[in-house]
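What follows is the content of protein_16.txt, which has compact mmCIF, C-alpha atoms:
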```
# COMPACT_ATOMS: atom_id res chain seq x y z
CA MET A 1 0.00 0.00 0.00
CA ALA A 2 1.33 3.44 -0.85
CA ARG A 3 2.55 5.49 2.06
CA LYS A 4 0.78 8.81 2.50
CA LEU A 5 3.48 11.41 2.13
CA LYS A 6 3.15 14.69 0.29
CA SER A 7 6.73 14.99 -0.80
CA PRO A 8 9.89 12.98 -0.32
CA THR A 9 12.58 14.01 2.16
CA PHE A 10 15.44 12.49 0.11
CA ALA A 11 17.08 11.51 3.38
CA GLY A 12 20.31 9.61 2.77
CA LYS A 13 18.94 6.15 3.35
CA GLU A 14 15.69 6.69 1.47
CA ARG A 15 15.46 4.80 -1.78
CA LEU A 16 15.03 5.86 -5.38
CA ALA A 17 13.78 3.56 -8.12
CA ARG A 18 14.89 3.76 -11.73
CA TYR A 19 13.11 1.97 -14.56
CA VAL A 20 15.29 -0.19 -16.82
CA SER A 21 14.22 -0.29 -20.45
CA TYR A 22 14.39 -3.55 -22.46
CA VAL A 23 17.38 -2.25 -24.37
CA ASN A 24 19.28 -1.73 -21.14
CA ARG A 25 18.71 -5.10 -19.49
CA GLN A 26 21.73 -7.38 -19.41
CA ALA A 27 22.22 -11.01 -18.41
CA GLY A 28 21.77 -11.85 -14.76
CA ASN A 29 19.40 -8.94 -14.15
CA ARG A 30 22.18 -6.40 -14.48
CA PRO A 31 21.36 -2.89 -15.66
CA ALA A 32 23.51 -1.59 -18.52
CA VAL A 33 25.64 1.48 -17.87
CA ALA A 34 23.35 3.34 -20.26
CA THR A 35 20.47 2.94 -17.80
CA PHE A 36 21.83 5.80 -15.73
CA LEU A 37 23.01 8.10 -18.49
CA PRO A 38 21.05 11.34 -18.69
CA ASP A 39 19.08 12.19 -21.80
CA PRO A 40 20.67 14.56 -24.32
CA PRO A 41 20.19 18.23 -23.38
CA SER A 42 16.67 19.45 -24.08
CA GLU A 43 15.44 22.89 -25.13
CA THR A 44 15.33 23.74 -21.43
CA PRO A 45 18.67 22.38 -20.23
CA ASP A 46 18.32 24.02 -16.81
CA LYS A 47 15.43 21.65 -16.12
CA ASP A 48 16.98 18.44 -17.41
CA HIS A 49 17.15 15.62 -14.90
CA LEU A 50 17.36 11.86 -14.55
CA SER A 51 13.92 10.46 -13.81
CA VAL A 52 13.52 8.32 -10.72
CA ASN A 53 10.68 7.43 -8.36
CA SER A 54 10.83 7.98 -4.63
CA LEU A 55 9.96 4.90 -2.65
CA GLU A 56 9.01 7.25 0.18
CA ILE A 57 5.89 8.06 -1.81
CA GLU A 58 4.97 4.85 -3.60
CA THR A 59 5.83 1.19 -3.29
CA LEU A 60 8.07 -0.59 -5.76
CA ARG A 61 5.02 -2.34 -7.17
CA ASP A 62 3.16 0.97 -7.68
CA VAL A 63 6.19 2.31 -9.50
CA GLY A 64 6.39 -0.85 -11.58
CA ASN A 65 2.73 -0.54 -12.51
CA PHE A 66 3.29 3.00 -13.71
CA HIS A 67 6.24 2.13 -15.93
CA ARG A 68 4.53 -0.99 -17.22
CA ALA A 69 1.63 1.15 -18.39
CA ILE A 70 3.76 3.95 -19.83
CA TRP A 71 6.51 2.01 -21.59
CA GLN A 72 5.29 -1.55 -22.02
CA ASP A 73 1.62 -1.26 -22.90
CA ASN A 74 0.82 -3.09 -19.65
CA ARG A 75 2.69 -6.17 -20.81
CA GLY A 76 5.71 -8.15 -19.68
CA GLU A 77 8.08 -7.99 -16.78
CA VAL A 78 9.21 -4.66 -15.43
CA ALA A 79 12.81 -4.07 -14.38
CA ILE A 80 13.48 -1.56 -11.63
CA CYS A 81 16.78 -0.60 -10.00
CA GLU A 82 16.75 0.54 -6.41
CA HIS A 83 19.41 2.73 -4.78
CA GLN A 84 19.73 4.84 -1.68
CA VAL A 85 20.04 8.59 -2.08
CA LEU A 86 23.52 8.24 -0.55
CA GLU A 87 24.52 5.90 -3.37
CA TYR A 88 23.51 8.50 -5.93
CA ASN A 89 25.51 11.09 -3.97
CA ASP A 90 28.53 8.81 -3.93
CA ALA A 91 28.28 8.17 -7.67
CA ALA A 92 28.11 11.92 -8.22
CA LYS A 93 31.19 12.46 -6.09
CA LYS A 94 33.15 9.89 -8.10
CA ALA A 95 32.19 11.77 -11.26
CA GLY A 96 33.43 15.06 -9.83
CA ILE A 97 30.13 16.52 -8.61
CA ALA A 98 30.02 17.50 -4.96
CA VAL A 99 26.61 16.98 -3.40
CA ASN A 100 26.37 18.47 0.08
CA TYR A 101 23.63 18.57 2.66
CA ASP A 102 22.34 22.04 3.47
CA ARG A 103 21.02 21.98 7.03
CA GLU A 104 19.18 25.26 6.66
CA SER A 105 16.94 24.02 3.89
CA SER A 106 17.29 20.33 4.83
CA LYS A 107 18.13 19.53 1.23
CA TRP A 108 20.97 18.04 -0.77
CA LYS A 109 22.58 20.69 -2.99
CA PHE A 110 25.03 20.75 -5.87
CA ALA A 111 26.91 23.54 -7.63
CA SER A 112 25.45 23.89 -11.11
CA SER A 113 27.95 26.63 -11.93
CA LEU A 114 30.56 28.71 -10.18
CA THR A 115 27.88 31.03 -8.86
CA SER A 116 24.76 28.98 -8.34
CA VAL A 117 23.76 26.13 -6.09
CA GLU A 118 20.67 24.07 -6.78
CA ASP A 119 18.68 21.24 -5.26
CA ALA A 120 20.29 17.90 -6.06
CA TYR A 121 16.91 16.13 -6.01
CA ARG A 122 13.46 17.46 -6.78
CA HIS A 123 9.99 16.09 -6.45
CA ARG A 124 8.40 16.23 -9.90
CA PRO A 125 5.05 14.50 -9.52
CA VAL A 126 3.08 13.72 -12.63
CA HIS A 127 -0.62 14.36 -12.06
CA ARG A 128 -2.94 12.85 -14.63
CA ASP A 129 -5.37 9.98 -15.05
CA GLU A 130 -4.70 8.66 -18.53
CA PRO A 131 -2.05 7.58 -19.11
CA PRO A 132 -1.55 7.12 -15.40
CA GLY A 133 0.36 9.72 -13.42
CA SER A 134 3.15 9.22 -10.98
CA PRO A 135 3.00 10.96 -7.60
CA SER A 136 6.47 9.64 -6.75
CA HIS A 137 8.26 10.94 -9.85
CA CYS A 138 11.43 12.83 -8.97
CA GLY A 139 14.46 14.22 -10.72
CA VAL A 140 18.11 13.63 -10.00
CA GLU A 141 19.03 17.18 -10.88
CA PHE A 142 22.80 17.14 -10.68
CA VAL A 143 23.12 15.10 -13.87
CA ARG A 144 22.90 18.47 -15.64
CA ALA A 145 26.42 19.17 -14.46
CA LEU A 146 27.84 15.93 -15.86
CA LYS A 147 29.66 16.58 -19.10
CA GLU A 148 30.98 14.07 -21.64
CA HIS A 149 32.57 11.00 -20.05
CA LYS A 150 31.74 12.22 -16.52
CA ALA A 151 28.19 11.05 -17.17
CA ALA A 152 29.53 7.58 -17.90
CA GLN A 153 31.60 7.65 -14.72
CA PHE A 154 28.45 8.43 -12.77
CA ALA A 155 26.42 5.77 -14.53
CA ARG A 156 29.03 3.04 -14.02
CA ARG A 157 28.90 3.48 -10.24
CA LEU A 158 25.19 2.70 -10.17
CA THR A 159 25.29 -0.54 -12.13
CA GLY A 160 26.61 -2.71 -9.32
CA GLN A 161 23.20 -3.77 -8.06
CA ARG A 162 20.92 -6.08 -9.95
CA PHE A 163 17.45 -4.92 -10.86
CA HIS A 164 14.17 -6.24 -9.52
CA LEU A 165 11.98 -8.03 -12.02
CA LEU A 166 8.34 -7.36 -11.24
CA PHE A 167 5.18 -9.03 -12.55
CA ARG A 168 7.01 -12.23 -13.44
CA ASP A 169 3.82 -14.22 -12.93
CA ARG A 170 1.66 -12.24 -15.37
CA MET B 1 19.91 -17.59 -60.65
CA SER B 2 16.56 -16.50 -61.97
CA ARG B 3 14.82 -15.26 -58.84
CA SER B 4 15.19 -11.65 -57.95
CA THR B 5 17.08 -10.81 -54.82
CA SER B 6 16.77 -7.94 -52.45
CA ALA B 7 19.57 -5.45 -52.00
CA ALA B 8 20.41 -7.02 -48.69
CA GLU B 9 20.59 -10.52 -50.16
CA GLN B 10 22.75 -9.26 -53.00
CA THR B 11 25.12 -7.78 -50.49
CA ILE B 12 25.40 -11.11 -48.76
CA LEU B 13 25.98 -12.92 -52.04
CA ASP B 14 28.67 -10.42 -52.98
CA VAL B 15 30.43 -10.98 -49.70
CA SER B 16 30.24 -14.72 -50.17
CA ASP B 17 31.42 -14.61 -53.76
CA SER B 18 34.40 -12.53 -52.79
CA GLY B 19 35.70 -15.38 -50.68
CA ARG B 20 35.11 -13.78 -47.31
CA VAL B 21 33.23 -15.67 -44.68
CA PRO B 22 29.61 -14.58 -44.89
CA GLY B 23 28.95 -15.41 -41.25
CA ARG B 24 25.54 -16.31 -40.01
CA VAL B 25 23.69 -13.40 -41.50
CA PRO B 26 22.20 -15.35 -44.40
CA ASP B 27 20.49 -17.61 -41.85
CA LEU B 28 19.36 -14.61 -39.94
CA LEU B 29 18.01 -13.04 -43.08
CA ARG B 30 15.71 -16.01 -43.49
CA ASP B 31 14.47 -15.46 -39.93
CA GLN B 32 13.51 -11.87 -40.57
CA PRO B 33 9.90 -11.02 -41.33
CA GLN B 34 9.58 -10.86 -45.08
CA PRO B 35 8.02 -7.82 -46.69
CA THR B 36 4.41 -8.48 -47.59
CA THR B 37 2.60 -7.40 -50.72
CA THR B 38 -0.55 -5.52 -49.82
CA VAL B 39 -3.54 -4.68 -51.98
CA SER B 40 -5.79 -1.80 -51.14
CA GLU B 41 -8.93 -0.59 -52.98
CA GLY B 42 -8.21 1.05 -56.30
CA ARG B 43 -4.49 0.50 -56.09
CA GLN B 44 -2.22 -2.08 -57.51
CA ALA B 45 -0.18 -4.26 -55.26
CA GLU B 46 2.98 -2.50 -54.29
CA PRO B 47 6.26 -4.28 -54.91
CA PRO B 48 7.89 -5.64 -51.81
CA SER B 49 10.16 -3.17 -50.12
CA THR B 50 13.66 -4.51 -49.73
CA THR B 51 14.38 -2.79 -46.44
CA SER B 52 11.05 -2.47 -44.70
CA SER B 53 11.74 -5.36 -42.34
CA VAL B 54 15.16 -4.16 -41.23
CA PRO B 55 15.78 -0.92 -39.32
CA THR B 56 17.69 1.70 -41.26
CA SER B 57 20.68 1.60 -38.93
CA ILE B 58 21.03 -2.14 -39.57
CA ALA B 59 20.51 -1.88 -43.32
CA SER B 60 23.17 0.79 -43.65
CA SER B 61 25.76 -1.47 -42.03
CA TRP B 62 24.69 -4.67 -43.73
CA SER B 63 28.05 -5.54 -45.27
CA GLU B 64 29.90 -4.97 -42.02
CA ILE B 65 27.36 -7.06 -40.13
CA ALA B 66 27.90 -9.88 -42.60
CA GLN B 67 31.63 -9.72 -42.02
CA ALA B 68 31.25 -9.49 -38.25
CA ASP B 69 30.01 -13.10 -38.01
CA LEU B 70 27.73 -12.30 -35.10
CA THR B 71 25.90 -15.06 -33.26
CA VAL B 72 22.13 -15.27 -33.56
CA GLN B 73 21.79 -13.99 -30.00
CA LEU B 74 23.87 -10.89 -30.58
CA TYR B 75 22.21 -10.13 -33.89
CA ASP B 76 18.79 -10.47 -32.29
CA ARG B 77 19.86 -8.08 -29.56
CA LEU B 78 21.09 -5.66 -32.19
CA LEU B 79 17.74 -5.83 -33.94
CA GLN B 80 15.93 -5.21 -30.64
CA ILE B 81 18.09 -2.16 -30.00
CA ALA B 82 17.74 -0.87 -33.56
CA ALA B 83 13.96 -1.19 -33.30
CA ALA B 84 13.74 1.25 -30.38
CA PRO B 85 11.98 4.34 -31.76
CA ALA B 86 12.71 7.99 -31.04
CA GLY B 87 11.46 8.74 -27.56
CA TRP B 88 12.01 5.16 -26.39
CA ARG B 89 12.99 6.44 -22.94
CA GLY B 90 11.26 9.80 -22.98
CA PRO B 91 11.06 12.88 -25.16
CA GLY B 92 14.81 13.40 -25.66
CA SER B 93 15.93 9.83 -26.27
CA LYS B 94 17.07 8.92 -29.77
CA PRO B 95 17.04 5.74 -31.85
CA LEU B 96 20.25 3.89 -32.66
CA LYS B 97 22.56 6.00 -34.79
CA ALA B 98 23.89 4.26 -37.87
CA GLU B 99 27.34 5.78 -37.37
CA SER B 100 27.50 4.42 -33.84
CA LEU B 101 26.71 0.92 -35.07
CA GLN B 102 29.36 1.28 -37.78
CA SER B 103 31.87 2.42 -35.18
CA PHE B 104 31.11 -0.67 -33.08
CA LEU B 105 31.38 -3.01 -36.05
CA THR B 106 34.71 -1.53 -37.12
CA PHE B 107 36.02 -2.00 -33.59
CA TRP B 108 34.58 -5.50 -33.39
CA LEU B 109 36.23 -6.57 -36.64
CA GLU B 110 39.53 -5.45 -35.17
CA VAL B 111 39.23 -7.30 -31.86
CA ARG B 112 36.91 -10.23 -32.44
CA SER B 113 39.71 -12.78 -32.83
CA ASP B 114 40.68 -12.04 -29.22
CA ALA B 115 37.26 -11.31 -27.80
CA ALA B 116 34.05 -12.79 -26.47
CA GLU B 117 30.89 -11.24 -27.79
CA PRO B 118 29.83 -8.30 -25.65
CA GLU B 119 26.39 -7.45 -24.35
CA LEU B 120 24.88 -4.47 -26.14
CA ALA B 121 22.76 -1.62 -24.87
CA LEU B 122 21.39 1.64 -26.20
CA ALA B 123 22.14 5.03 -24.68
CA PRO B 124 19.58 7.83 -24.75
CA ASP B 125 21.67 9.79 -27.25
CA GLY B 126 21.38 6.94 -29.75
CA THR B 127 24.86 5.55 -29.24
CA LEU B 128 25.58 1.87 -28.88
CA HIS B 129 27.23 0.56 -25.72
CA ALA B 130 29.12 -2.71 -25.52
CA GLU B 131 29.82 -4.36 -22.19
CA TRP B 132 32.09 -7.24 -21.24
CA TYR B 133 31.33 -8.54 -17.76
CA HIS B 134 33.10 -10.99 -15.50
CA SER B 135 32.10 -9.63 -12.08
CA HIS B 136 31.32 -6.29 -10.51
CA ARG B 137 35.05 -5.72 -10.08
CA LYS B 138 36.00 -6.95 -13.52
CA ARG B 139 34.01 -5.30 -16.25
CA LEU B 140 34.50 -3.20 -19.34
CA ASP B 141 32.13 -0.89 -21.16
CA ILE B 142 32.65 1.10 -24.33
CA ARG B 143 30.41 3.73 -25.86
CA PHE B 144 30.63 4.04 -29.62
CA GLY B 145 30.04 7.67 -30.45
CA GLY B 146 32.31 9.64 -32.71
CA SER B 147 35.97 9.07 -33.45
CA GLN B 148 36.72 8.92 -29.73
CA LEU B 149 35.34 5.98 -27.78
CA VAL B 150 34.32 6.47 -24.16
CA PHE B 151 35.37 3.52 -22.04
CA GLY B 152 35.49 2.28 -18.48
CA LEU B 153 37.59 -0.68 -17.38
CA PHE B 154 37.33 -2.13 -13.89
CA ALA B 155 40.06 -4.72 -13.56
CA ASN B 156 40.64 -6.07 -10.07
CA ASN B 157 41.20 -2.94 -7.99
CA LEU B 158 42.17 -0.62 -10.81
CA ILE B 159 39.81 1.63 -12.73
CA HIS B 160 40.67 3.11 -16.11
CA GLU B 161 38.18 5.54 -17.59
CA GLY B 162 38.35 8.05 -20.37
CA THR B 163 38.22 8.50 -24.10
CA GLU B 164 40.47 6.98 -26.72
CA ARG B 165 40.68 6.47 -30.46
CA ALA B 166 39.25 3.15 -31.57
CA ASN B 167 42.42 1.54 -32.87
CA THR B 168 44.44 2.67 -29.85
CA LEU B 169 41.81 1.34 -27.45
CA ALA B 170 41.63 -1.95 -29.34
CA SER B 171 45.40 -2.38 -29.01
CA LEU B 172 45.37 -1.48 -25.33
CA LEU B 173 42.58 -3.91 -24.52
CA LYS B 174 44.00 -6.76 -26.56
CA SER B 175 47.32 -6.47 -24.74
CA HIS B 176 45.84 -5.88 -21.28
CA PRO B 177 46.95 -8.57 -18.82
CA SER B 178 43.39 -9.13 -17.57
CA LYS B 179 42.15 -9.89 -21.09
CA PRO B 180 38.95 -7.88 -20.54
CA LEU B 181 37.67 -8.50 -24.06
CA ARG B 182 37.33 -12.17 -23.17
CA TRP B 183 35.08 -11.53 -20.19
CA HIS B 184 31.64 -12.92 -20.67
CA ALA B 185 28.67 -12.77 -18.31
CA ASN B 186 27.77 -16.41 -18.78
```
As a first step, turn the structure in this file into structure tokens.
Amino acid sequence: MARKLKSPTFAGKERLARYVSYVNRQAGNRPAVATFLPDPPSETPDKDHLSVNSLEIETLRDVGNFHRAIWQDNRGEVAICEHQVLEYNDAAKKAGIAVNYDRESSKWKFASSLTSVEDAYRHRPVHRDEPPGSPSHCGVEFVRALKEHKAAQFARRLTGQRFHLLFRDR
Amino acid sequence: MSRSTSAAEQTILDVSDSGRVPGRVPDLLRDQPQPTTTVSEGRQAEPPSTTSSVPTSIASSWSEIAQADLTVQLYDRLLQIAAAPAGWRGPGSKPLKAESLQSFLTFWLEVRSDAAEPELALAPDGTLHAEWYHSHRKRLDIRFGGSQLVFGLFANNLIHEGTERANTLASLLKSHPSKPLRWHAN
């Protein structure tokens, strides 16, 4: 059952789920490095992010249902990777992005440029009925600061854990 | 031979006639869905399209694929990746770029005598990724973008990451003491 929270805290041990597309599923339930690469810059690069779902807001199964409907036409098994916020922070650090906790705002922050600091994680809920929305949708915002092979360095650090396969019995 | 052949089949026959090993692609070609002739009201049946069953990125590298002697499994994976449409992961994600596939095939032809087949994946920018996996601490991934390949090698407790030209990277990996190109997940 989904937990009733308005917005995620992104506390270090809280968990973020990332959907793994068919073309990024490897043998032994391993996610490909490409799973965690950010999309190419959009027309609004200051809003680009890596999509994840906060498991503070929805259960893994709820998240799986959402992605199954959006990407798989409600068919087949759904692959989801699960990481702690601290693991994302650590991957960022190893790719040269410093993510620090700001006690005043109680948020993780990163330097997007020499003069500006932004939230490292943001709640970006999707509110709609059809196709289904996602109240747990969030953005890993610091991927905007990852250039060239730094993005690959970040992505590699998140591929160590195998993904969950949901709806295997359907 | 009296029957007409598609452009793809002709390519295969050319490769075969030239004395090079055609690989398993001719078998795979038979496995592909064949173009169907359709009749609609008031129109004549259209001739079969020679490329409608194969994604453009695959068709444009057909000769190289024939030479690459890929297994059925790897070719199937390649087809799955090449079939991913624009937006496969969201608005900004791109389909497989033909030049990325060509870059991979060129690299593969250079190393395949010393390598296990990699696992393939698609990146959101349309580039092909190849991965060789032994364990979490022993793995190699290469992204085939432009002239510079982006790679990451985890070998025991050492990590090498960066960009390198294809032929230089091929030489480095073939001579690496851990033989990372021979790592295979199974």
Counting only C-alpha atoms, what are the residues of chain B within 10 Å of chain A, and for each of them which pair of atoms is the nearest and at what distance in Å, to one decimal? Sort the table by chain and rising number, as a Markdown table.
```
| residue | atom | partner | partner_atom | distance |
| --- | --- | --- | --- | --- |
| B:Arg77 | CA | A:Val23 | CA | 8.2 |
| B:Leu78 | CA | A:Val23 | CA | 9.3 |
| B:Gln80 | CA | A:Val23 | CA | 7.1 |
| B:Ile81 | CA | A:Val23 | CA | 5.7 |
| B:Ala82 | CA | A:Val23 | CA | 9.3 |
| B:Ala83 | CA | A:Val23 | CA | 9.6 |
| B:Ala84 | CA | A:Val23 | CA | 7.8 |
| B:Trp88 | CA | A:Trp71 | CA | 8.0 |
| B:Arg89 | CA | A:Ser21 | CA | 7.3 |
| B:Gly90 | CA | A:Asp39 | CA | 8.3 |
| B:Pro91 | CA | A:Ser42 | CA | 8.7 |
| B:Gly92 | CA | A:Asp39 | CA | 5.9 |
| B:Ser93 | CA | A:Asp39 | CA | 6.0 |
| B:Lys94 | CA | A:Pro40 | CA | 8.6 |
| B:Glu119 | CA | A:Gln26 | CA | 6.8 |
| B:Leu120 | CA | A:Gln26 | CA | 8.0 |
| B:Ala121 | CA | A:Asn24 | CA | 5.1 |
| B:Leu122 | CA | A:Val23 | CA | 5.9 |
| B:Ala123 | CA | A:Ala34 | CA | 4.9 |
| B:Pro124 | CA | A:Asp39 | CA | 5.3 |
| B:Asp125 | CA | A:Pro40 | CA | 5.7 |
| B:Gly126 | CA | A:Pro40 | CA | 9.4 |
| B:Thr127 | CA | A:Ala34 | CA | 9.4 |
| B:Leu128 | CA | A:Ala34 | CA | 9.0 |
| B:His129 | CA | A:Ala34 | CA | 7.3 |
| B:Ala130 | CA | A:Ala32 | CA | 9.0 |
| B:Glu131 | CA | A:Ala32 | CA | 7.8 |
| B:Tyr133 | CA | A:Ala27 | CA | 9.5 |
| B:Ser135 | CA | A:Gly160 | CA | 9.3 |
| B:His136 | CA | A:Gly160 | CA | 6.0 |
| B:Arg137 | CA | A:Gly160 | CA | 9.0 |
| B:Arg139 | CA | A:Arg156 | CA | 10.0 |
| B:Leu140 | CA | A:Arg156 | CA | 9.9 |
| B:Asp141 | CA | A:Val33 | CA | 7.7 |
| B:Ile142 | CA | A:Val33 | CA | 9.5 |
| B:Arg143 | CA | A:Ala152 | CA | 8.9 |
| B:Leu149 | CA | A:His149 | CA | 9.6 |
| B:Val150 | CA | A:His149 | CA | 6.4 |
| B:Phe151 | CA | A:Ala152 | CA | 8.2 |
| B:Gly152 | CA | A:Gln153 | CA | 7.6 |
| B:Leu153 | CA | A:Arg156 | CA | 9.9 |
| B:Phe154 | CA | A:Arg156 | CA | 9.8 |
| B:Glu161 | CA | A:Gln153 | CA | 7.5 |
| B:Gly162 | CA | A:His149 | CA | 6.5 |
| B:Thr163 | CA | A:His149 | CA | 7.4 |
| B:His184 | CA | A:Ala27 | CA | 9.9 |
| B:Ala185 | CA | A:Ala27 | CA | 6.7 |
| B:Asn186 | CA | A:Ala27 | CA | 7.8 |
```
(request) Just the residues within 6 Å of Ala79 of chain A, please, counting only C-alpha atoms, with nothing from its chain fewer than 4 positions along; format it as number ranges by chain. (result) A: 20, 163-165
Listed atoms of segment 125-137 of chain A, axis-aligned box, 4 Å per side: centre and edge lengths to one decimal in Å, as AutoDock Vina command-line options?
```
--center_x 1.4 --center_y 10.8 --center_z -12.9 --size_x 21.6 --size_y 15.4 --size_z 20.4
```
Do you have, as CSV, the list of residues of segment 116-136 of chain A lying at most 12 Å from segment 59-63 of chain A, each with its nearest atom pair and that distance in Å to one decimal, counting only C-alpha atoms and ordered by chain then number?
```
residue,atom,partner,partner_atom,distance
A:Pro132,CA,A:Val63,CA,10.9
A:Gly133,CA,A:Val63,CA,10.2
A:Ser134,CA,A:Val63,CA,7.7
A:Pro135,CA,A:Val63,CA,9.4
A:Ser136,CA,A:Val63,CA,7.8
```
(message) Under the rule that all atoms listed in the file are counted, which of A:Phe167, A:Tyr101, A:Tyr121, A:Phe66 is the nearest residue to Leu50 of chain A?
(response)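 Of A:Phe167, A:Tyr101, A:Tyr121, A:Phe66, the one nearest Leu50 of chain A is A:Tyr121, counting all atoms listed in the file.
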(request) Using only C-alpha atoms, find the one residue out of A:Arg157, A:Glu14, A:Val78, A:Ser113 that sits nearest to Ala92 of chain A. (result) A:Arg157
(message) For a quick check of understanding, using only C-alpha atoms, which of B:Ala166, B:Leu79, B:Ile65, B:Ala98 has the smallest distance to Gln148 of chain B?
(response)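 Ranking B:Ala166, B:Leu79, B:Ile65, B:Ala98 by distance to Gln148 of chain B, first place goes to B:Ala166.
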(message) Please report the interatomic distance between atom CA of Lys147 of chain A and atom CA of Leu86 of chain A in Å with one decimal.
(response)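 Atom-to-atom, atom CA of Lys147 of chain A and atom CA of Leu86 of chain A are spaced 21.2 Å apart.
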(message) Please list as a list in words every residue within 9 Å of segment 111-113 of chain B, counting only C-alpha atoms and excluding residues in the same chain fewer than 2 positions away.
(response) Ala68, Phe107, Trp108, Leu109, Ala115, Ala116, Glu117, Ala170, Ser171, Leu173, Lys174 and Leu181 of chain B
Expected file contents, prior selection, C-alpha atoms, as an mmCIF file, keeping the file's coordinate frame:
```cif
data_model
loop_
_atom_site.group_PDB
_atom_site.id
_atom_site.type_symbol
_atom_site.label_atom_id
_atom_site.label_comp_id
_atom_site.auth_asym_id
_atom_site.auth_seq_id
_atom_site.Cartn_x
_atom_site.Cartn_y
_atom_site.Cartn_z
ATOM 1 C CA ALA B 68 31.250 -9.490 -38.250
ATOM 2 C CA PHE B 107 36.020 -2.000 -33.590
ATOM 3 C CA TRP B 108 34.580 -5.500 -33.390
ATOM 4 C CA LEU B 109 36.230 -6.570 -36.640
ATOM 5 C CA ALA B 115 37.260 -11.310 -27.800
ATOM 6 C CA ALA B 116 34.050 -12.790 -26.470
ATOM 7 C CA GLU B 117 30.890 -11.240 -27.790
ATOM 8 C CA ALA B 170 41.630 -1.950 -29.340
ATOM 9 C CA SER B 171 45.400 -2.380 -29.010
ATOM 10 C CA LEU B 173 42.580 -3.910 -24.520
ATOM 11 C CA LYS B 174 44.000 -6.760 -26.560
ATOM 12 C CA LEU B 181 37.670 -8.500 -24.060
#
```
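Residues in contact with Val117 of chain A at 12 Å, where only C-alpha atoms are counted and same-chain residues fewer than 4 positions away are skipped, are listed as Ile97, Ala98, Val99, Asn100, Tyr101, Asp102, Lys107, Trp108, Lys109, Phe110, Ala111, Ser112, Ser113, Glu141, Phe142 and Ala145 of chain A.
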(message) Can you measure atom CA of Ser103 of chain B to atom CA of Gly146 of chain B for me? One decimal in Å is fine.
(response)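 One can read the atom CA of Ser103 of chain B to atom CA of Gly146 of chain B distance as 7.6 Å.
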(message) Just the number, please: distance in Å from atom CA of Leu146 of chain A to atom CA of Gly64 of chain A, one decimal.
(response)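 Between atom CA of Leu146 of chain A and atom CA of Gly64 of chain A the gap works out to 27.6 Å.
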